[in-house]
Amino acid sequence: MSEGVKALLGRLGSLVPFYAGYTDREKRRESDQALRLVVAARLGSARAALDRRTADCARTSRFDLLDPLDALSRRVGTLADAVRHAPAGYSALFDAATVGAAELDRLYALDLEVREACERLVEEAERLPAAFDGGALEKASGAASEAEAALNRRSEALREVK
């Protein structure tokens, strides 16, 4: 296993319980699924934070923000579902004889990229203050776009490997 993969696995393992299983060929599929479930749960937290802000805006008559908040909340929910149901590793994909070390390195890096982009989105959503403006909402929306793009890159990479 290359040093780059070991470094990536070390970072991933410190972020998600059981993710260190990627180093064990038989556990790679379970580890891949565990990571996606943790990321999807974190996105659920972001959606809950956005829904709280929507309720705050309704209570304080900030009706101009209701539609953008609701749209962002739905995007985050869709992203959570996409992460949760994203194609998982399977034995043929994670068989070292089938997939080269460079391809596995790339997939591990993309998994980490998705996780980090989603975490930035969670932070932006949870950071929205009770009294916020459209700029703060735009920042959260930009984080959602980055997370969607990261997941799309992961999906594309998996299609290329198959």
# chains A, B, ... in the order shown; residues from 1 in each chain; ligands from 1

call {"tool": "residues_around", "arguments": {"residues": "range 121-136 of chain A", "least_positions_apart": "6", "cutoff": "8 Å", "atoms": "only C-alpha atoms", "output": "JSON, numbers by chain"}}
result
{"A": [42, 43, 45, 46, 47, 49, 50, 53, 56, 65, 143, 144, 147]}

call {"tool": "select_by_dssp", "arguments": {"residues": "range 63-145 of chain A", "states": "alpha helix (DSSP H)", "output": "ChimeraX atom specification"}}
result
/A:66-84,91-94,101-127,134-145

call {"tool": "write_last_selection", "arguments": {"atoms": "C-alpha atoms", "output": "PDB file, in the first residue's frame"}}
result
ATOM      1  CA  LEU A  66     -38.413  31.452   3.437  1.00  0.00           C
ATOM      2  CA  ASP A  67     -38.218  30.240  -0.165  1.00  0.00           C
ATOM      3  CA  PRO A  68     -34.395  30.289  -0.405  1.00  0.00           C
ATOM      4  CA  LEU A  69     -34.081  28.527   2.962  1.00  0.00           C
ATOM      5  CA  ASP A  70     -36.630  25.913   2.004  1.00  0.00           C
ATOM      6  CA  ALA A  71     -34.910  25.340  -1.344  1.00  0.00           C
ATOM      7  CA  LEU A  72     -31.532  24.909   0.367  1.00  0.00           C
ATOM      8  CA  SER A  73     -33.038  22.563   2.946  1.00  0.00           C
ATOM      9  CA  ARG A  74     -34.473  20.393   0.157  1.00  0.00           C
ATOM     10  CA  ARG A  75     -31.092  20.387  -1.631  1.00  0.00           C
ATOM     11  CA  VAL A  76     -29.386  19.226   1.547  1.00  0.00           C
ATOM     12  CA  GLY A  77     -32.011  16.491   2.002  1.00  0.00           C
ATOM     13  CA  THR A  78     -31.508  15.346  -1.584  1.00  0.00           C
ATOM     14  CA  LEU A  79     -27.741  15.369  -1.086  1.00  0.00           C
ATOM     15  CA  ALA A  80     -28.087  13.308   2.100  1.00  0.00           C
ATOM     16  CA  ASP A  81     -30.155  10.733   0.212  1.00  0.00           C
ATOM     17  CA  ALA A  82     -27.659  10.705  -2.653  1.00  0.00           C
ATOM     18  CA  VAL A  83     -24.763  10.110  -0.256  1.00  0.00           C
ATOM     19  CA  ARG A  84     -26.671   7.449   1.673  1.00  0.00           C
ATOM     20  CA  SER A  91     -15.937  -7.021  -3.879  1.00  0.00           C
ATOM     21  CA  ALA A  92     -15.059  -6.684  -7.566  1.00  0.00           C
ATOM     22  CA  LEU A  93     -14.359  -2.971  -7.196  1.00  0.00           C
ATOM     23  CA  PHE A  94     -12.311  -3.335  -4.045  1.00  0.00           C
ATOM     24  CA  ALA A 101      -3.382   1.080  -6.370  1.00  0.00           C
ATOM     25  CA  ALA A 102      -3.574   4.417  -8.206  1.00  0.00           C
ATOM     26  CA  GLU A 103      -7.301   3.987  -8.819  1.00  0.00           C
ATOM     27  CA  LEU A 104      -7.905   3.039  -5.189  1.00  0.00           C
ATOM     28  CA  ASP A 105      -5.879   6.067  -4.095  1.00  0.00           C
ATOM     29  CA  ARG A 106      -8.101   8.265  -6.236  1.00  0.00           C
ATOM     30  CA  LEU A 107     -11.298   6.720  -4.847  1.00  0.00           C
ATOM     31  CA  TYR A 108     -10.108   7.126  -1.262  1.00  0.00           C
ATOM     32  CA  ALA A 109      -9.212  10.754  -1.971  1.00  0.00           C
ATOM     33  CA  LEU A 110     -12.660  11.346  -3.469  1.00  0.00           C
ATOM     34  CA  ASP A 111     -14.348   9.757  -0.450  1.00  0.00           C
ATOM     35  CA  LEU A 112     -12.422  12.147   1.765  1.00  0.00           C
ATOM     36  CA  GLU A 113     -13.284  15.083  -0.501  1.00  0.00           C
ATOM     37  CA  VAL A 114     -17.006  14.253  -0.288  1.00  0.00           C
ATOM     38  CA  ARG A 115     -16.815  13.950   3.479  1.00  0.00           C
ATOM     39  CA  GLU A 116     -14.966  17.247   3.888  1.00  0.00           C
ATOM     40  CA  ALA A 117     -17.235  19.155   1.464  1.00  0.00           C
ATOM     41  CA  CYS A 118     -20.319  17.855   3.264  1.00  0.00           C
ATOM     42  CA  GLU A 119     -18.846  18.815   6.613  1.00  0.00           C
ATOM     43  CA  ARG A 120     -18.245  22.379   5.360  1.00  0.00           C
ATOM     44  CA  LEU A 121     -21.908  22.487   4.340  1.00  0.00           C
ATOM     45  CA  VAL A 122     -22.974  21.288   7.790  1.00  0.00           C
ATOM     46  CA  GLU A 123     -20.818  23.962   9.417  1.00  0.00           C
ATOM     47  CA  GLU A 124     -22.269  26.712   7.213  1.00  0.00           C
ATOM     48  CA  ALA A 125     -25.840  25.585   7.874  1.00  0.00           C
ATOM     49  CA  GLU A 126     -25.328  25.311  11.614  1.00  0.00           C
ATOM     50  CA  ARG A 127     -23.479  28.636  11.691  1.00  0.00           C
ATOM     51  CA  GLY A 134     -28.831  36.725   2.077  1.00  0.00           C
ATOM     52  CA  GLY A 135     -25.026  36.710   2.024  1.00  0.00           C
ATOM     53  CA  ALA A 136     -24.854  34.079   4.744  1.00  0.00           C
ATOM     54  CA  LEU A 137     -27.432  32.027   2.887  1.00  0.00           C
ATOM     55  CA  GLU A 138     -25.414  32.341  -0.328  1.00  0.00           C
ATOM     56  CA  LYS A 139     -22.337  31.039   1.493  1.00  0.00           C
ATOM     57  CA  ALA A 140     -24.283  27.979   2.677  1.00  0.00           C
ATOM     58  CA  SER A 141     -25.667  27.491  -0.822  1.00  0.00           C
ATOM     59  CA  GLY A 142     -22.137  27.631  -2.229  1.00  0.00           C
ATOM     60  CA  ALA A 143     -21.065  24.956   0.247  1.00  0.00           C
ATOM     61  CA  ALA A 144     -23.986  22.813  -0.949  1.00  0.00           C
ATOM     62  CA  SER A 145     -22.819  23.234  -4.547  1.00  0.00           C
TER      63      SER A 145
END
